[in-house]
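Have a look at the structure below, then the notes.
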Amino acid sequence: MAHSWLKKDPTAVVIVQEIPAGTKVEASDLGLQAIPTSLLPSTSYDSIDDVVGLVAASTLSSGEIATKPRFVGTELINSIVTNVTDGSLVEEINMVPLSLAEPSVIPLLQHGDTISVVSQDPDTGLPENIAAGGTVILAGGTNPSTILIALPQSIAEKVAAQSLNTPLAVVLTGDRADNYTTAE
């Protein structure tokens, strides 16, 4: 197929220097570049002003086209949240910052991981499931001792309230946990 010299490709916002996860995007991090329509994602941005001030959900690489799911916000949440405690699939999704009882596990978590939030029953010492099906939005961004997770509103509120008085931990579930096999 011959490319027409008269037809101009649309411009899209691209990342011009690496942006670490959890970092607010500045105008100097961005540029505009002509991208062939056939390669342009439907969720891409065409205005730098629309991207300035957003927070990177994971590390963004130089040359990458800026797309809505790559930033913390509703597009990202809706694209990755799949199952939750209590079957609350139609409830509004909220994000909750969570300080873990053992923050040394945070570097093991990745954006998009499915987790359960657990605690310990104060009377029996047995594990207590606080929430299941949470999605890691951000792990170890600008505050390396906190993660940001997405859950339905009522469950997010429960997790936030529990975190005020109870040490919380997370259990990796979902695809990454399912893909783990032990050596025989």
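Letters A, B, ... mark the chains of the structure tokens in the order given; residue numbers begin at 1 per chain; ligand numbers begin at 1, in order shown.
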Residues near Ser145 of chain A, anyone? I mean within 10 Å using only C-alpha atoms, not counting same-chain ones fewer than 6 positions away, as a list in words.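 With the cut-off at 10 Å, the set is Leu98, Ser99, Leu100, Ala101, Glu102, Pro103, Ser104, Val105, Ile106, Pro107 and Ala139 of chain A.
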Just to be explicit: take each residue in the selection above, keep N, CA and C atoms, and write the result as an mmCIF file, in the first residue's frame.
```
data_model
loop_
_atom_site.group_PDB
_atom_site.id
_atom_site.type_symbol
_atom_site.label_atom_id
_atom_site.label_comp_id
_atom_site.auth_asym_id
_atom_site.auth_seq_id
_atom_site.Cartn_x
_atom_site.Cartn_y
_atom_site.Cartn_z
ATOM 1 N N LEU A 98 -2.510 1.580 50.911
ATOM 2 C CA LEU A 98 -2.422 0.578 51.971
ATOM 3 C C LEU A 98 -0.983 0.452 52.451
ATOM 4 N N SER A 99 -0.780 0.736 53.735
ATOM 5 C CA SER A 99 0.530 0.512 54.353
ATOM 6 C C SER A 99 0.534 -0.912 54.876
ATOM 7 N N LEU A 100 1.486 -1.693 54.428
ATOM 8 C CA LEU A 100 1.535 -3.098 54.813
ATOM 9 C C LEU A 100 2.278 -3.287 56.130
ATOM 10 N N ALA A 101 1.885 -4.323 56.873
ATOM 11 C CA ALA A 101 2.564 -4.657 58.123
ATOM 12 C C ALA A 101 4.027 -4.989 57.857
ATOM 13 N N GLU A 102 4.295 -5.579 56.699
ATOM 14 C CA GLU A 102 5.666 -5.936 56.317
ATOM 15 C C GLU A 102 5.966 -5.312 54.955
ATOM 16 N N PRO A 103 6.419 -4.033 54.931
ATOM 17 C CA PRO A 103 6.635 -3.349 53.649
ATOM 18 C C PRO A 103 7.746 -3.940 52.791
ATOM 19 N N SER A 104 8.552 -4.837 53.338
ATOM 20 C CA SER A 104 9.637 -5.420 52.535
ATOM 21 C C SER A 104 9.109 -6.286 51.389
ATOM 22 N N VAL A 105 7.816 -6.644 51.409
ATOM 23 C CA VAL A 105 7.253 -7.439 50.309
ATOM 24 C C VAL A 105 6.829 -6.572 49.122
ATOM 25 N N ILE A 106 6.756 -5.265 49.304
ATOM 26 C CA ILE A 106 6.269 -4.383 48.242
ATOM 27 C C ILE A 106 7.063 -4.520 46.942
ATOM 28 N N PRO A 107 8.393 -4.617 46.972
ATOM 29 C CA PRO A 107 9.116 -4.772 45.701
ATOM 30 C C PRO A 107 8.766 -6.056 44.937
ATOM 31 N N ALA A 139 2.798 0.008 43.224
ATOM 32 C CA ALA A 139 3.556 -0.605 44.321
ATOM 33 C C ALA A 139 4.907 0.080 44.425
#
```
Taking only segment 23-173 of chain A into account, list the residues labelled helix (DSSP H, G or I) by DSSP (computed from the backbone), as a PyMOL selection string. chain A and resi 27-29+37-39+48-51+68-70+74-80+85-87+103-108+153-165
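Minimum atom-to-atom distance to Asn165 of chain A, evaluated using only C-alpha atoms, belongs to A:Gln120 out of A:Asp50, A:Phe71, A:Ala27, A:Gln120.
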Within 7 Å of Leu32 of chain A using only C-alpha atoms, minus same-chain residues under 6 positions, as an mmCIF file with C-alpha atoms, in the first residue's frame:
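Output (selection28.cif):
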```cif
data_model
loop_
_atom_site.group_PDB
_atom_site.id
_atom_site.type_symbol
_atom_site.label_atom_id
_atom_site.label_comp_id
_atom_site.auth_asym_id
_atom_site.auth_seq_id
_atom_site.Cartn_x
_atom_site.Cartn_y
_atom_site.Cartn_z
ATOM 1 C CA THR A 11 -0.157 13.285 16.214
ATOM 2 C CA ALA A 12 -0.055 11.559 19.565
ATOM 3 C CA VAL A 13 1.559 12.356 22.885
ATOM 4 C CA VAL A 14 4.725 10.321 23.421
#
```
Non-local contacts of Thr67 of chain A (10 Å; only C-alpha atoms; under 5 positions in same chain excluded) as a PyMOL selection string: chain A and resi 12-14+40-46+51+75-76
Export of prior selection with N, CA and C atoms as a compact mmCIF listing (two decimals), in the first residue's frame:
```
# COMPACT_ATOMS: atom_id res chain seq x y z
N ALA A 12 0.26 12.14 18.26
CA ALA A 12 -0.05 11.56 19.57
C ALA A 12 1.00 12.01 20.56
N VAL A 13 0.62 12.03 21.82
CA VAL A 13 1.56 12.36 22.89
C VAL A 13 2.45 11.15 23.10
N VAL A 14 3.76 11.39 23.15
CA VAL A 14 4.73 10.32 23.42
C VAL A 14 5.59 10.72 24.61
N LEU A 40 -2.02 3.65 15.91
CA LEU A 40 -2.43 4.54 17.00
C LEU A 40 -3.46 3.87 17.90
N PRO A 41 -3.13 3.65 19.18
CA PRO A 41 -4.11 3.05 20.09
C PRO A 41 -5.33 3.96 20.27
N SER A 42 -6.49 3.37 20.46
CA SER A 42 -7.72 4.16 20.62
C SER A 42 -7.73 4.96 21.92
N THR A 43 -6.90 4.57 22.88
CA THR A 43 -6.86 5.27 24.17
C THR A 43 -5.70 6.26 24.27
N SER A 44 -5.11 6.62 23.13
CA SER A 44 -3.96 7.54 23.16
C SER A 44 -4.43 8.98 23.35
N TYR A 45 -3.51 9.80 23.79
CA TYR A 45 -3.76 11.24 23.97
C TYR A 45 -3.23 12.00 22.76
N ASP A 46 -3.91 13.11 22.41
CA ASP A 46 -3.41 13.94 21.32
C ASP A 46 -3.03 15.34 21.80
N VAL A 51 -2.22 15.27 29.52
CA VAL A 51 -1.37 14.29 30.21
C VAL A 51 -0.61 14.91 31.38
N GLU A 75 -9.73 4.79 33.85
CA GLU A 75 -9.45 3.95 32.67
C GLU A 75 -8.61 2.74 33.08
N LEU A 76 -7.60 3.00 33.89
CA LEU A 76 -6.71 1.93 34.35
C LEU A 76 -7.49 0.95 35.22
```
Between atom CA of Gln162 of chain A and atom CA of Ile130 of chain A, distance in Å (one decimal): 8.2 Å
If you run DSSP on the backbone here, which positions in segment 7-178 of chain A get strand (DSSP E or B)? Please write them as JSON, numbers by chain. {"A": [11, 12, 13, 14, 15, 19, 24, 30, 31, 32, 33, 34, 44, 55, 56, 60, 65, 67, 71, 93, 94, 95, 96, 97, 98, 99, 114, 115, 116, 117, 118, 119, 120, 127, 128, 129, 130, 131, 132, 133, 134, 135, 136, 137, 138, 139, 146, 147, 148, 149, 150, 151, 152, 169, 170, 171, 172, 173]}
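Considering the residues A:Ala34, A:Ala21, A:Leu172, A:Ala131 and counting only C-alpha atoms, Ala160 of chain A has its shortest atom-to-atom contact with A:Ala131.
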Neighbour list for Val25 of chain A as a list in words, cut-off 8 Å, only C-alpha atoms, skip fewer than 3 positions in-chain: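 Using only C-alpha atoms, the neighbours found are Ile19, Asp29, Val51, Val52, Gly53, Leu54, Val55 and Ala56 of chain A.
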Selection from above, C-alpha atoms, as a PDB file, in the first residue's frame, can you write it?
```pdb
ATOM      1  CA  ILE A  19       9.011   8.391  33.959  1.00  0.00           C
ATOM      2  CA  ASP A  29       8.459  14.481  29.907  1.00  0.00           C
ATOM      3  CA  VAL A  51      -1.373  14.290  30.207  1.00  0.00           C
ATOM      4  CA  VAL A  52       0.470  16.872  32.329  1.00  0.00           C
ATOM      5  CA  GLY A  53      -0.318  16.244  35.999  1.00  0.00           C
ATOM      6  CA  LEU A  54      -1.345  12.609  35.586  1.00  0.00           C
ATOM      7  CA  VAL A  55       0.453   9.965  37.677  1.00  0.00           C
ATOM      8  CA  ALA A  56       2.305   7.116  35.946  1.00  0.00           C
TER       9      ALA A  56
END
```
As a list in words, please: the residues near Val136 of chain A (cut-off 7 Å, only C-alpha atoms, same-chain neighbours under 4 positions excluded).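 Result of the neighbour search: Gln110, His111, Gly112, Asp113, Thr114, Leu148, Ile149 and Ala150 of chain A.
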Output of the above residues as a compact mmCIF listing (two decimals), in the first residue's frame, restricted to C-alpha atoms:
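The resulting file, again.txt, is shown below:
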```txt
# COMPACT_ATOMS: atom_id res chain seq x y z
CA GLN A 110 3.77 -5.65 40.24
CA HIS A 111 1.26 -3.31 38.67
CA GLY A 112 -1.81 -5.39 37.76
CA ASP A 113 -1.23 -8.18 40.32
CA THR A 114 -4.35 -9.63 41.89
CA LEU A 148 -2.30 1.53 45.94
CA ILE A 149 -4.99 -1.05 45.27
CA ALA A 150 -8.36 -0.97 43.49
```
Taking 5 positions as the minimum chain separation for residues in the same chain, which residues sit within 7 Å of Pro152 of chain A when counting only C-alpha atoms? Answer as a PyMOL selection string. chain A and resi 88+91-94
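Straight-line separation from atom CA of Ser28 of chain A to atom CA of Ile15 of chain A: 9.3 Å.
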Pairwise distance for atom CA of Gly63 of chain A and atom CA of Gly22 of chain A, rounded to one decimal in Å: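 Atom-to-atom, atom CA of Gly63 of chain A and atom CA of Gly22 of chain A are spaced 18.7 Å apart.
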